[in-house]
file final17.cif (mmCIF, C-alpha atoms and all ligand atoms)
data_coords
loop_
_atom_site.label_atom_id
_atom_site.label_comp_id
_atom_site.auth_asym_id
_atom_site.auth_seq_id
_atom_site.Cartn_x
_atom_site.Cartn_y
_atom_site.Cartn_z
CA MET A 1487 0.00 0.00 0.00
CA ASN A 1488 1.21 3.50 -0.79
CA VAL A 1489 0.40 5.50 2.37
CA LEU A 1490 0.60 9.23 2.97
CA ILE A 1491 0.71 10.35 6.62
CA LEU A 1492 -0.14 14.00 7.20
CA GLY A 1493 1.30 15.21 10.52
CA GLY A 1494 3.94 12.47 10.47
CA ASP A 1495 6.20 14.13 13.03
CA GLY A 1496 3.53 14.05 15.76
CA TYR A 1497 2.80 11.91 18.80
CA LEU A 1498 0.72 9.51 16.71
CA GLY A 1499 2.10 10.26 13.24
CA TRP A 1500 5.66 9.02 13.70
CA PRO A 1501 4.74 5.70 15.37
CA THR A 1502 2.14 5.18 12.61
CA ALA A 1503 4.77 5.75 9.94
CA MET A 1504 7.07 3.11 11.45
CA TYR A 1505 4.16 0.68 11.95
CA PHE A 1506 3.18 0.78 8.25
CA SER A 1507 6.79 0.86 7.03
CA ILE A 1508 7.91 -2.24 8.92
CA ARG A 1509 4.90 -4.09 7.48
CA GLY A 1510 6.17 -3.46 3.97
CA HIS A 1511 4.14 -0.44 2.89
CA GLN A 1512 5.50 2.59 1.04
CA VAL A 1513 5.23 5.52 3.47
CA THR A 1514 5.53 9.27 2.96
CA VAL A 1515 5.27 11.61 5.96
CA VAL A 1516 4.50 15.33 5.82
CA ASP A 1517 4.83 17.85 8.64
CA ASN A 1518 5.63 21.54 9.15
CA TYR A 1519 6.94 21.14 12.76
CA PHE A 1520 3.98 23.12 14.08
CA ARG A 1521 3.86 21.02 17.25
CA ARG A 1522 7.54 21.41 18.05
CA ASN A 1523 7.50 25.11 17.25
CA ALA A 1524 4.40 25.69 19.40
CA CYS A 1525 6.15 23.98 22.33
CA THR A 1526 9.09 26.34 21.89
CA GLU A 1527 6.86 29.39 21.52
CA LEU A 1528 4.79 28.54 24.61
CA ASP A 1529 7.87 27.36 26.51
CA VAL A 1530 6.48 23.93 27.38
CA GLY A 1531 9.14 21.28 27.57
CA MET A 1532 8.93 17.77 26.19
CA LEU A 1533 10.15 14.85 28.33
CA TYR A 1534 13.19 14.23 26.14
CA PRO A 1535 14.63 15.76 22.97
CA ILE A 1536 13.74 14.07 19.68
CA PRO A 1537 15.65 14.07 16.40
CA THR A 1538 14.19 16.01 13.47
CA LEU A 1539 11.86 14.14 11.15
CA THR A 1540 14.62 13.85 8.56
CA GLN A 1541 17.03 12.44 11.13
CA ARG A 1542 14.40 9.96 12.30
CA ALA A 1543 13.85 8.74 8.74
CA ARG A 1544 17.63 8.27 8.34
CA ILE A 1545 17.88 6.35 11.63
CA TRP A 1546 14.92 4.20 10.59
CA HIS A 1547 16.62 3.42 7.29
CA GLU A 1548 19.91 2.53 8.98
CA LEU A 1549 18.14 0.16 11.37
CA THR A 1550 15.61 -1.49 9.07
CA GLY A 1551 16.69 -0.77 5.49
CA LYS A 1552 13.21 0.73 4.92
CA GLU A 1553 12.49 4.12 3.43
CA ILE A 1554 10.08 6.67 4.89
CA LYS A 1555 9.98 9.63 2.52
CA VAL A 1556 9.88 13.01 4.29
CA VAL A 1557 8.22 16.22 3.13
CA ILE A 1558 8.48 19.37 5.24
CA GLY A 1559 5.67 21.78 4.44
CA ASP A 1560 2.52 23.51 5.62
CA LEU A 1561 -0.56 21.63 4.45
CA THR A 1562 -2.74 24.71 4.71
CA ASP A 1563 -0.94 25.65 1.48
CA PRO A 1564 -3.06 23.93 -1.20
CA GLU A 1565 -0.14 23.67 -3.61
CA ILE A 1566 1.87 21.63 -1.12
CA MET A 1567 -1.09 19.32 -0.55
CA ARG A 1568 -1.68 18.96 -4.29
CA SER A 1569 2.00 18.24 -5.01
CA LEU A 1570 1.62 15.05 -2.94
CA PHE A 1571 -0.89 13.83 -5.52
CA THR A 1572 0.60 15.22 -8.75
CA GLY A 1573 4.21 14.20 -8.12
CA SER A 1574 5.65 17.72 -8.13
CA VAL A 1575 6.50 17.22 -4.44
CA GLU A 1576 9.95 18.08 -3.04
CA TYR A 1577 11.33 15.60 -0.54
CA ALA A 1578 13.40 16.75 2.43
CA TRP A 1579 14.65 13.18 2.64
CA SER A 1580 14.14 10.05 0.52
CA LEU A 1581 16.40 7.33 -0.84
CA ASP A 1582 15.67 8.43 -4.36
CA SER A 1583 13.35 11.25 -5.28
CA SER A 1584 11.01 9.08 -7.36
CA PHE A 1585 7.29 9.72 -6.80
CA PRO A 1586 5.54 6.59 -5.50
CA GLY A 1587 2.28 7.56 -7.24
CA VAL A 1588 -1.01 8.81 -5.83
CA PRO A 1589 -1.54 7.47 -2.32
CA GLU A 1590 -4.08 4.68 -1.85
CA THR A 1591 -4.53 5.72 1.77
CA VAL A 1592 -4.11 9.11 3.45
CA ILE A 1593 -3.99 9.27 7.23
CA HIS A 1594 -4.83 12.79 8.30
CA TYR A 1595 -3.34 13.75 11.67
CA ALA A 1596 -2.15 17.24 10.66
CA GLU A 1597 -4.12 19.42 13.02
CA GLN A 1598 -3.68 21.59 16.07
CA PRO A 1599 -4.78 18.97 18.66
CA SER A 1600 -5.05 20.84 21.96
CA ALA A 1601 -8.25 22.15 23.59
CA PRO A 1602 -6.41 24.60 25.91
CA TYR A 1603 -4.27 25.89 23.01
CA SER A 1604 -7.43 26.72 21.06
CA LEU A 1605 -8.69 28.80 23.97
CA ILE A 1606 -5.57 30.74 25.02
CA ASN A 1607 -7.01 33.78 23.26
CA TYR A 1608 -8.65 34.78 19.97
CA ARG A 1609 -5.40 34.52 18.02
CA TYR A 1610 -4.86 30.90 19.02
CA ALA A 1611 -8.54 30.26 18.34
CA ASN A 1612 -8.18 31.72 14.85
CA PHE A 1613 -5.06 29.69 14.20
CA THR A 1614 -6.82 26.49 15.24
CA LEU A 1615 -9.81 27.16 13.01
CA ARG A 1616 -7.70 28.11 10.03
CA ASN A 1617 -5.18 25.32 10.40
CA ASN A 1618 -7.57 22.46 11.02
CA LEU A 1619 -10.19 23.40 8.46
CA LEU A 1620 -7.74 24.31 5.71
CA THR A 1621 -5.66 21.14 6.00
CA THR A 1622 -8.88 19.11 5.79
CA ASN A 1623 -10.36 21.12 2.93
CA ASN A 1624 -7.10 21.02 0.95
CA LEU A 1625 -6.99 17.25 1.38
CA MET A 1626 -10.62 16.88 0.31
CA PHE A 1627 -10.07 18.87 -2.89
CA ALA A 1628 -6.79 17.13 -3.74
CA VAL A 1629 -8.53 13.75 -3.48
CA ARG A 1630 -11.52 15.04 -5.43
CA ASP A 1631 -9.34 16.43 -8.21
CA PHE A 1632 -6.66 13.74 -8.55
CA SER A 1633 -7.65 10.44 -6.97
CA ARG A 1634 -11.22 9.72 -5.87
CA GLN A 1635 -10.36 6.13 -5.07
CA THR A 1636 -8.00 7.24 -2.29
CA HIS A 1637 -9.22 6.25 1.16
CA ILE A 1638 -9.05 9.12 3.66
CA ILE A 1639 -8.62 8.11 7.29
CA LYS A 1640 -9.27 11.15 9.38
CA LEU A 1641 -8.86 11.48 13.11
CA GLY A 1642 -11.88 12.80 14.90
CA THR A 1643 -12.36 12.77 18.65
CA MET A 1644 -14.90 11.40 21.09
CA GLY A 1645 -14.98 14.97 22.43
CA GLU A 1646 -17.11 15.92 19.43
CA TYR A 1647 -20.08 14.12 21.01
CA GLY A 1648 -19.64 15.86 24.35
CA THR A 1649 -21.38 14.20 27.29
CA PRO A 1650 -25.03 13.78 26.25
CA ASN A 1651 -27.56 12.32 28.65
CA ILE A 1652 -28.25 9.44 26.21
CA ASP A 1653 -26.08 6.56 24.92
CA ILE A 1654 -23.52 7.62 22.29
CA GLU A 1655 -23.80 5.62 19.05
CA GLU A 1656 -20.96 4.96 16.59
CA GLY A 1657 -21.30 8.04 14.47
CA TRP A 1658 -24.89 7.70 13.26
CA ILE A 1659 -28.37 7.70 14.73
CA GLU A 1660 -31.75 6.76 13.24
CA ILE A 1661 -34.40 9.33 14.08
CA GLU A 1662 -38.14 8.93 13.77
CA HIS A 1663 -39.85 12.28 13.51
CA LYS A 1664 -43.54 12.86 12.87
CA GLY A 1665 -43.94 9.35 11.51
CA ARG A 1666 -40.91 9.39 9.16
CA ARG A 1667 -37.41 7.94 9.67
CA ASP A 1668 -33.94 8.94 8.52
CA ARG A 1669 -30.29 8.40 9.49
CA PHE A 1670 -28.20 11.33 10.67
CA LEU A 1671 -24.80 12.03 12.14
CA PHE A 1672 -25.08 11.51 15.88
CA PRO A 1673 -25.52 14.98 17.51
CA ARG A 1674 -22.24 16.78 18.25
CA GLN A 1675 -21.78 19.33 21.02
CA ALA A 1676 -18.12 19.88 21.79
CA SER A 1677 -16.81 21.62 24.87
CA SER A 1678 -13.76 23.30 23.32
CA LEU A 1679 -13.00 25.23 20.17
CA TYR A 1680 -10.47 22.60 19.10
CA HIS A 1681 -13.14 19.91 19.38
CA THR A 1682 -15.52 22.16 17.45
CA THR A 1683 -13.03 22.26 14.53
CA LYS A 1684 -13.11 18.46 14.53
CA ILE A 1685 -16.89 18.60 14.12
CA MET A 1686 -16.45 21.02 11.24
CA ASP A 1687 -13.88 18.68 9.63
CA THR A 1688 -16.42 15.90 9.76
CA ASP A 1689 -19.03 18.12 8.13
CA LEU A 1690 -16.59 19.06 5.36
CA LEU A 1691 -15.77 15.46 4.57
CA TRP A 1692 -19.40 14.35 4.85
CA PHE A 1693 -20.15 16.95 2.20
CA GLY A 1694 -17.32 15.54 0.05
CA VAL A 1695 -18.66 12.01 0.48
CA ARG A 1696 -22.15 13.07 -0.64
CA MET A 1697 -21.00 15.21 -3.55
CA TRP A 1698 -18.09 13.23 -5.01
CA ASP A 1699 -18.38 9.71 -3.61
CA LEU A 1700 -15.20 10.07 -1.57
CA ARG A 1701 -14.20 7.18 0.71
CA VAL A 1702 -13.73 8.34 4.28
CA THR A 1703 -13.18 6.70 7.66
CA ASP A 1704 -13.58 8.97 10.67
CA LEU A 1705 -11.92 7.62 13.81
CA MET A 1706 -13.55 9.16 16.87
CA GLN A 1707 -10.61 8.76 19.16
CA GLY A 1708 -10.44 9.23 22.90
CA PRO A 1709 -7.37 10.56 24.74
CA VAL A 1710 -4.35 8.36 23.99
CA TYR A 1711 -1.77 7.28 26.56
CA GLY A 1712 1.57 5.53 26.27
CA ILE A 1713 5.07 5.99 24.98
CA GLU A 1714 6.63 2.85 23.64
CA THR A 1715 5.57 0.90 20.58
CA GLU A 1716 7.17 -2.24 19.16
CA GLU A 1717 9.05 -0.20 16.58
CA SER A 1718 10.31 2.53 18.92
CA ALA A 1719 11.64 -0.15 21.28
CA MET A 1720 14.33 -0.85 18.65
CA ASP A 1721 16.19 2.35 19.46
CA GLU A 1722 15.32 5.16 21.86
CA ARG A 1723 15.99 7.75 19.14
CA LEU A 1724 12.80 6.44 17.50
CA ARG A 1725 10.60 7.24 20.50
CA THR A 1726 7.61 9.43 19.89
CA LEU A 1727 7.42 12.95 21.31
CA PHE A 1728 6.01 13.12 24.82
CA ASN A 1729 4.41 16.18 26.40
CA TYR A 1730 3.38 16.41 30.03
CA ASP A 1731 2.32 20.06 30.18
CA GLU A 1732 -1.22 21.35 30.44
CA ILE A 1733 -1.41 22.36 26.78
CA PHE A 1734 -0.21 19.34 24.84
CA GLY A 1735 -0.04 16.54 27.43
CA THR A 1736 -2.92 14.06 27.68
CA ILE A 1737 -4.26 13.15 31.11
CA LEU A 1738 -2.67 9.80 31.93
CA ASN A 1739 0.71 10.76 30.47
CA ARG A 1740 0.58 13.88 32.64
CA PHE A 1741 -0.46 12.09 35.82
CA ILE A 1742 2.47 9.67 35.58
CA VAL A 1743 4.96 12.51 35.15
CA GLN A 1744 3.36 14.35 38.08
CA ALA A 1745 3.63 11.22 40.24
CA VAL A 1746 7.33 10.82 39.42
CA VAL A 1747 8.21 14.39 40.48
CA ASP A 1748 5.97 14.44 43.57
CA TYR A 1749 3.57 16.99 42.06
CA PRO A 1750 -0.01 16.40 43.29
CA LEU A 1751 -2.13 14.87 40.50
CA THR A 1752 -4.16 17.69 38.95
CA VAL A 1753 -7.77 16.52 38.99
CA TYR A 1754 -10.05 19.29 37.74
CA GLY A 1755 -13.10 19.94 39.95
CA LYS A 1756 -15.00 16.93 41.25
CA GLY A 1757 -13.17 14.53 38.92
CA GLY A 1758 -16.26 12.67 37.71
CA GLN A 1759 -15.45 13.65 34.09
CA THR A 1760 -15.59 10.32 32.26
CA ARG A 1761 -13.98 9.65 28.89
CA GLY A 1762 -12.95 6.73 26.71
CA TYR A 1763 -9.21 5.99 26.55
CA LEU A 1764 -6.81 3.92 24.50
CA ASN A 1765 -3.20 2.84 24.42
CA ILE A 1766 -1.01 4.27 21.65
CA ASN A 1767 -0.45 0.72 20.43
CA ASP A 1768 -4.19 0.42 19.85
CA THR A 1769 -4.26 3.64 17.82
CA LEU A 1770 -1.77 1.95 15.51
CA GLN A 1771 -3.88 -1.19 15.21
CA CYS A 1772 -7.06 0.80 14.61
CA VAL A 1773 -5.56 2.93 11.89
CA TYR A 1774 -3.85 -0.04 10.26
CA LEU A 1775 -6.94 -2.25 10.21
CA SER A 1776 -9.04 0.66 8.93
CA ALA A 1777 -6.57 1.08 6.07
CA GLN A 1778 -6.71 -2.63 5.26
CA ASN A 1779 -10.53 -2.61 5.28
CA PRO A 1780 -11.31 0.68 3.54
CA ALA A 1781 -14.60 2.57 3.43
CA GLY A 1782 -16.46 2.16 0.15
CA PRO A 1783 -17.04 4.93 -2.41
CA GLY A 1784 -19.58 7.41 -1.08
CA GLU A 1785 -19.23 6.08 2.46
CA LEU A 1786 -18.45 8.07 5.59
CA ARG A 1787 -17.64 5.26 7.99
CA ILE A 1788 -17.36 6.19 11.65
CA PHE A 1789 -15.69 4.16 14.38
CA ASN A 1790 -15.56 5.11 18.07
CA GLN A 1791 -11.89 4.55 18.84
CA ILE A 1792 -11.71 3.84 22.57
CA MET A 1793 -11.06 0.66 24.50
CA GLU A 1794 -12.36 1.43 28.02
CA THR A 1795 -13.79 4.35 29.99
CA PHE A 1796 -12.58 5.96 33.20
CA SER A 1797 -13.39 9.03 35.23
CA ALA A 1798 -10.54 11.45 36.08
CA ASN A 1799 -10.81 10.24 39.69
CA GLU A 1800 -10.44 6.62 38.63
CA LEU A 1801 -7.33 7.41 36.58
CA ALA A 1802 -5.80 9.39 39.44
CA GLU A 1803 -6.49 6.53 41.88
CA LYS A 1804 -4.91 3.99 39.52
CA VAL A 1805 -1.77 6.13 39.14
CA GLN A 1806 -1.65 6.64 42.90
CA ARG A 1807 -1.89 2.90 43.59
CA VAL A 1808 0.76 1.90 41.04
CA GLY A 1809 3.01 4.82 42.00
CA ARG A 1810 2.82 3.94 45.70
CA ALA A 1811 3.77 0.34 44.95
CA LEU A 1812 6.84 1.72 43.17
CA GLY A 1813 7.76 3.85 46.18
CA TYR A 1814 6.33 7.22 45.16
CA ASN A 1815 4.33 9.33 47.55
CA VAL A 1816 1.51 10.12 45.11
CA ARG A 1817 -0.97 12.78 46.23
CA ILE A 1818 -4.18 13.85 44.50
CA GLU A 1819 -5.41 17.45 44.46
CA HIS A 1820 -8.80 18.67 43.27
CA LEU A 1821 -8.16 22.02 41.58
CA PRO A 1822 -10.88 24.55 40.72
CA ASN A 1823 -11.83 23.47 37.20
CA PRO A 1824 -10.37 25.85 34.59
CA ARG A 1825 -12.69 24.30 31.98
CA LYS A 1826 -16.42 24.60 31.50
CA GLU A 1827 -17.59 21.00 31.56
CA ALA A 1828 -19.87 18.62 33.45
CA GLU A 1829 -18.01 17.15 36.42
CA GLU A 1830 -20.61 14.44 37.02
CA HIS A 1831 -22.58 13.06 34.12
CA TYR A 1832 -23.97 10.04 32.28
CA TYR A 1833 -21.53 8.47 29.80
CA ASN A 1834 -22.28 5.36 27.81
CA PRO A 1835 -20.61 5.24 24.39
CA THR A 1836 -20.79 2.25 22.02
CA TYR A 1837 -17.42 1.00 20.70
CA GLN A 1838 -17.78 -2.28 18.86
CA ARG A 1839 -16.94 -1.74 15.23
CA LEU A 1840 -13.14 -1.65 15.52
CA LEU A 1841 -13.24 -4.90 17.47
CA GLU A 1842 -15.30 -6.35 14.62
CA ILE A 1843 -12.51 -5.63 12.11
CA GLY A 1844 -9.96 -7.35 14.31
CA VAL A 1845 -8.56 -4.86 16.85
CA VAL A 1846 -7.37 -6.63 20.01
CA PRO A 1847 -7.35 -4.10 22.87
CA HIS A 1848 -4.44 -3.42 25.20
CA TYR A 1849 -6.09 -2.49 28.52
CA LEU A 1850 -4.75 -0.12 31.15
CA THR A 1851 -3.21 -2.68 33.49
CA ASP A 1852 -0.86 -2.00 36.39
CA GLU A 1853 1.90 -3.49 34.25
CA VAL A 1854 1.25 -1.00 31.44
CA MET A 1855 1.35 1.89 33.92
CA GLU A 1856 4.52 0.57 35.50
CA GLY A 1857 6.15 0.44 32.06
CA MET A 1858 5.30 4.13 31.60
CA PHE A 1859 6.67 5.00 35.06
CA ARG A 1860 9.94 3.25 34.19
CA ILE A 1861 10.45 5.29 31.02
CA VAL A 1862 9.46 8.58 32.65
CA GLU A 1863 11.83 7.95 35.59
CA LYS A 1864 14.78 7.82 33.21
CA TYR A 1865 14.13 11.42 32.17
CA LYS A 1866 13.16 12.73 35.60
CA GLU A 1867 15.89 15.37 35.46
CA ASN A 1868 14.27 16.94 32.38
CA ILE A 1869 10.84 17.44 33.98
CA ARG A 1870 9.88 21.09 34.53
CA THR A 1871 7.23 21.46 37.21
CA ASP A 1872 6.47 25.06 36.16
CA VAL A 1873 4.81 23.87 32.92
CA ILE A 1874 2.56 21.25 34.50
CA PHE A 1875 -0.32 23.57 35.33
CA ARG A 1876 -1.00 27.18 34.53
CA GLY A 1877 -4.77 27.21 34.34
CA ILE A 1878 -5.83 28.24 30.84
CA HIS A 1879 -9.47 29.19 31.36
CA TRP A 1880 -12.38 28.51 29.03
N1 LIG B 1 -3.32 12.28 21.04
C1 LIG B 1 -4.59 12.14 21.41
O1 LIG B 1 -4.89 11.79 22.55
C2 LIG B 1 -5.70 12.38 20.40
C3 LIG B 1 -7.01 12.08 20.80
C4 LIG B 1 -8.04 12.28 19.89
C5 LIG B 1 -7.76 12.76 18.62
N2 LIG B 1 -6.47 13.06 18.28
C6 LIG B 1 -6.25 13.58 16.93
O2 LIG B 1 -5.22 12.82 16.32
C7 LIG B 1 -4.42 13.66 15.48
C8 LIG B 1 -2.97 13.52 15.86
O3 LIG B 1 -2.81 13.87 17.24
P1 LIG B 1 -1.39 13.90 17.92
O4 LIG B 1 -1.62 13.68 19.36
O5 LIG B 1 -0.46 13.02 17.18
O6 LIG B 1 -1.01 15.42 17.71
P2 LIG B 1 0.40 16.05 17.27
O7 LIG B 1 0.32 17.51 17.45
O8 LIG B 1 1.51 15.35 17.97
O9 LIG B 1 0.46 15.66 15.73
C9 LIG B 1 -0.06 16.47 14.70
C10 LIG B 1 1.08 16.77 13.75
O10 LIG B 1 0.55 17.53 12.67
C11 LIG B 1 1.45 18.56 12.37
N3 LIG B 1 0.70 19.66 11.74
C12 LIG B 1 -0.26 20.44 12.31
N4 LIG B 1 -0.68 21.35 11.42
C13 LIG B 1 0.02 21.14 10.27
C14 LIG B 1 0.05 21.77 9.01
N5 LIG B 1 -0.72 22.84 8.73
N6 LIG B 1 0.89 21.30 8.05
C15 LIG B 1 1.70 20.23 8.31
N7 LIG B 1 1.73 19.60 9.50
C16 LIG B 1 0.89 20.05 10.47
C17 LIG B 1 2.08 18.97 13.70
O11 LIG B 1 3.31 19.60 13.56
C18 LIG B 1 2.18 17.62 14.42
O12 LIG B 1 3.44 17.01 14.23
C19 LIG B 1 -4.97 15.07 15.63
O13 LIG B 1 -5.82 15.34 14.56
C20 LIG B 1 -5.75 15.01 16.92
O14 LIG B 1 -6.80 15.92 16.89
C21 LIG B 1 -5.45 12.89 19.15
#
call {"tool": "encode", "arguments": {"input": "final17.cif", "output": "structure tokens", "more": "lines below"}}
Ligand SMILES: NC(=O)c1ccc[n+]([C@@H]2O[C@H](COP(=O)([O-])OP(=O)(O)OC[C@H]3O[C@@H](n4cnc5c(N)ncnc54)[C@H](O)[C@@H]3O)[C@@H](O)[C@H]2O)c1
result
Amino acid sequence: MNVLILGGDGYLGWPTAMYFSIRGHQVTVVDNYFRRNACTELDVGMLYPIPTLTQRARIWHELTGKEIKVVIGDLTDPEIMRSLFTGSVEYAWSLDSSFPGVPETVIHYAEQPSAPYSLINYRYANFTLRNNLLTTNNLMFAVRDFSRQTHIIKLGTMGEYGTPNIDIEEGWIEIEHKGRRDRFLFPRQASSLYHTTKIMDTDLLWFGVRMWDLRVTDLMQGPVYGIETEESAMDERLRTLFNYDEIFGTILNRFIVQAVVDYPLTVYGKGGQTRGYLNINDTLQCVYLSAQNPAGPGELRIFNQIMETFSANELAEKVQRVGRALGYNVRIEHLPNPRKEAEEHYYNPTYQRLLEIGVVPHYLTDEVMEGMFRIVEKYKENIRTDVIFRGIHW
């Protein structure tokens, strides 16, 4: 399979690139280093330094003999997006500069992924809207104009649904109204501007599916945790980037870092906020199996990509228990909630369809958490407690 990964330098993008490459697929990654640059601009440290995307591709080639072609560019520029389909692309690194042809699969990760970032102020809000909608729209038009058979796998988030007081279906709901029935996208009601852009992305691609018979899979992903994947375990220079700050860190990754440096776990408000979670290794499986079983022409296929649900309190208690067994004095603190969200609510999402195509979940066991503690401990000296919490308000 010829696979194009947009946002290939990111937390999920780089492990995905290695996962497809080692399984024999032709992989091209594209990134503009937004994530790294934003961390520098906002002065939020990562747990350890990571090589540039070009260096990573070289290391990968040295270790495996496989090629991951690298393009550095901003995908809000339509010409850069289109060059990936026409062959006029310029590679920052590749073994030879030959064009592998139009991609059969595009995995679209290239977005600003942080809720707090999108609400720092109106400028960050504008950036998030512009970046996320333009990358998606440019992709939609490139596929429409050059390769309608290409399967788009786009990352959505469970946060698009919000926390409704009814069960959450996998993407669609049948509604009977005044004696007639029809099928609609399940109602969306996000609680951040970032999540709202993900809703708008879905609407854009749903339009493209209806108008031009595009093939789209939307993966409604929950917060991801984890560091190591089978491929990164080959060499620590291949590890994915890891943030533990309030802006780019996800909850479990953050809690483990906080536990290691004796910083009280930052539970917002009452801590009853319940979400669906998954291990980074399961993201890779989900994306891979979706690529191998593509959506049909004119299909917007939606999978809820979570493996289990926990409240913030439950996660904090798990980290406390495992941390204490490892000798850490883990404390939990309930901070005034900087976000506007329900702190106690009903939450019952359906998540069956990825299991039906063969995903085998990795659950959040004590052993998995201990593995994360062991990696984080190695970099304890790098952890900056000043970036853990600063209280960006909604
Ligand atoms: N990590 C999670 O827990 C999670 C949960 C749900 C959904 N998602 C979604 O998955 C996707 C990937 O998330 P992630 O955690 O890997 O985020 P990330 O920030 O690590 O990865 C996104 C990558 O895209 C790049 N990018 C952004 N805008 C770009 C542009 N205009 N041109 C080129 N490159 C650009 C960034 O530099 C970054 O490397 C995002 O769409 C996010 O919304 C992530």
call {"tool": "closest_residue", "arguments": {"input": "final17.cif", "among": "A:Asp1768, A:Glu1717, A:Glu1660, A:Glu1590", "to": "ligand LIG 1 (chain B)", "atoms": "only C-alpha atoms and all ligand atoms"}}
result
A:Asp1768
call {"tool": "residues_near_ligand", "arguments": {"input": "final17.cif", "ligand": "ligand LIG 1 (chain B)", "cutoff": "6 Å", "atoms": "all atoms listed in the file", "output": "VMD selection string"}}
result
chain A and resid 1493 to 1499 1517 to 1521 1559 to 1562 1595 to 1599 1617 1621 1641 to 1643 1707 to 1710 1736
call {"tool": "axis_aligned_box", "arguments": {"input": "final17.cif", "around": "segment 1754-1759 of chain A", "padding_each_side": "5 Å", "output": "lines of an AutoDock Vina configuration file"}}
result
center_x = -13.2
center_y = 16.3
center_z = 37.7
size_x = 16.2
size_y = 17.3
size_z = 17.2
call {"tool": "residues_around", "arguments": {"input": "final17.cif", "residues": "segment 1573-1584 of chain A", "least_positions_apart": "5", "cutoff": "12 Å", "atoms": "only C-alpha atoms", "output": "count of residues only"}}
result
33
call {"tool": "closest_residue", "arguments": {"input": "final17.cif", "among": "A:Leu1605, A:Ala1611, A:Lys1756, A:Ile1638", "to": "Asn1779 of chain A", "atoms": "all atoms listed in the file"}}
result
A:Ile1638
call {"tool": "atom_distance", "arguments": {"input": "final17.cif", "atom1": "atom CA of Val1743 of chain A", "atom2": "atom CA of Val1805 of chain A"}}
result
10.1 Å
call {"tool": "residues_around", "arguments": {"input": "final17.cif", "residues": "Ile1659 of chain A", "least_positions_apart": "2", "cutoff": "12 Å", "atoms": "only C-alpha atoms", "output": "ChimeraX atom specification"}}
result
/A:1652-1657,1661-1662,1667-1674,1788,1836
call {"tool": "atom_distance", "arguments": {"input": "final17.cif", "atom1": "atom CA of Tyr1647 of chain A", "atom2": "atom CA of Ile1874 of chain A"}}
result
27.3 Å
call {"tool": "atom_distance", "arguments": {"input": "final17.cif", "atom1": "atom CA of Phe1613 of chain A", "atom2": "atom CA of Ala1601 of chain A"}}
result
12.5 Å
call {"tool": "residues_around", "arguments": {"input": "final17.cif", "residues": "His1681 of chain A", "least_positions_apart": "4", "cutoff": "8 Å", "atoms": "only C-alpha atoms", "output": "PyMOL selection string"}}
result
chain A and resi 1601+1643+1645-1646+1676-1677+1685
call {"tool": "write_last_selection", "arguments": {"input": "final17.cif", "atoms": "C-alpha atoms", "output": "PDB file, in the frame of the given file"}}
result
ATOM      1  CA  ALA A1601      -8.250  22.150  23.590  1.00  0.00           C
ATOM      2  CA  THR A1643     -12.360  12.770  18.650  1.00  0.00           C
ATOM      3  CA  GLY A1645     -14.980  14.970  22.430  1.00  0.00           C
ATOM      4  CA  GLU A1646     -17.110  15.920  19.430  1.00  0.00           C
ATOM      5  CA  ALA A1676     -18.120  19.880  21.790  1.00  0.00           C
ATOM      6  CA  SER A1677     -16.810  21.620  24.870  1.00  0.00           C
ATOM      7  CA  ILE A1685     -16.890  18.600  14.120  1.00  0.00           C
TER       8      ILE A1685
END
call {"tool": "residues_around", "arguments": {"input": "final17.cif", "residues": "Tyr1833 of chain A", "least_positions_apart": "5", "cutoff": "10 Å", "atoms": "all atoms listed in the file", "output": "list in words"}}
result
Gly1648, Thr1649, Pro1650, Asn1651, Ile1652, Asp1653, Ile1654, Gln1759, Thr1760, Arg1761, Gly1762, Thr1795, Phe1796 and Ser1797 of chain A
call {"tool": "residues_around", "arguments": {"input": "final17.cif", "residues": "Arg1787 of chain A", "least_positions_apart": "2", "cutoff": "8 Å", "atoms": "only C-alpha atoms", "output": "list in words"}}
result
Gly1657, Val1702, Thr1703, Asp1704, Ala1781, Glu1785 and Phe1789 of chain A
call {"tool": "closest_residue", "arguments": {"input": "final17.cif", "among": "A:Phe1571, A:Trp1500, A:Phe1734, A:Tyr1711", "to": "Leu1625 of chain A", "atoms": "all atoms listed in the file"}}
result
A:Phe1571
call {"tool": "build_atoms", "arguments": {"input": "final17.cif", "residues": "segment 1525-1530 of chain A", "atoms": "N, CA and C atoms", "output": "PDB file, in the coordinates of the input"}}
result
ATOM      1  N   CYS A1525       5.583  24.280  21.000  1.00  0.00           N
ATOM      2  CA  CYS A1525       6.150  23.980  22.330  1.00  0.00           C
ATOM      3  C   CYS A1525       7.252  24.990  22.657  1.00  0.00           C
ATOM      4  N   THR A1526       8.038  25.342  21.659  1.00  0.00           N
ATOM      5  CA  THR A1526       9.090  26.340  21.890  1.00  0.00           C
ATOM      6  C   THR A1526       8.465  27.701  22.183  1.00  0.00           C
ATOM      7  N   GLU A1527       7.483  28.070  21.356  1.00  0.00           N
ATOM      8  CA  GLU A1527       6.860  29.390  21.520  1.00  0.00           C
ATOM      9  C   GLU A1527       6.190  29.524  22.893  1.00  0.00           C
ATOM     10  N   LEU A1528       5.519  28.465  23.332  1.00  0.00           N
ATOM     11  CA  LEU A1528       4.790  28.540  24.610  1.00  0.00           C
ATOM     12  C   LEU A1528       5.661  28.118  25.782  1.00  0.00           C
ATOM     13  N   ASP A1529       6.904  27.753  25.482  1.00  0.00           N
ATOM     14  CA  ASP A1529       7.870  27.360  26.510  1.00  0.00           C
ATOM     15  C   ASP A1529       7.346  26.200  27.357  1.00  0.00           C
ATOM     16  N   VAL A1530       6.884  25.149  26.658  1.00  0.00           N
ATOM     17  CA  VAL A1530       6.480  23.930  27.380  1.00  0.00           C
ATOM     18  C   VAL A1530       7.417  22.802  26.947  1.00  0.00           C
TER      19      VAL A1530
END
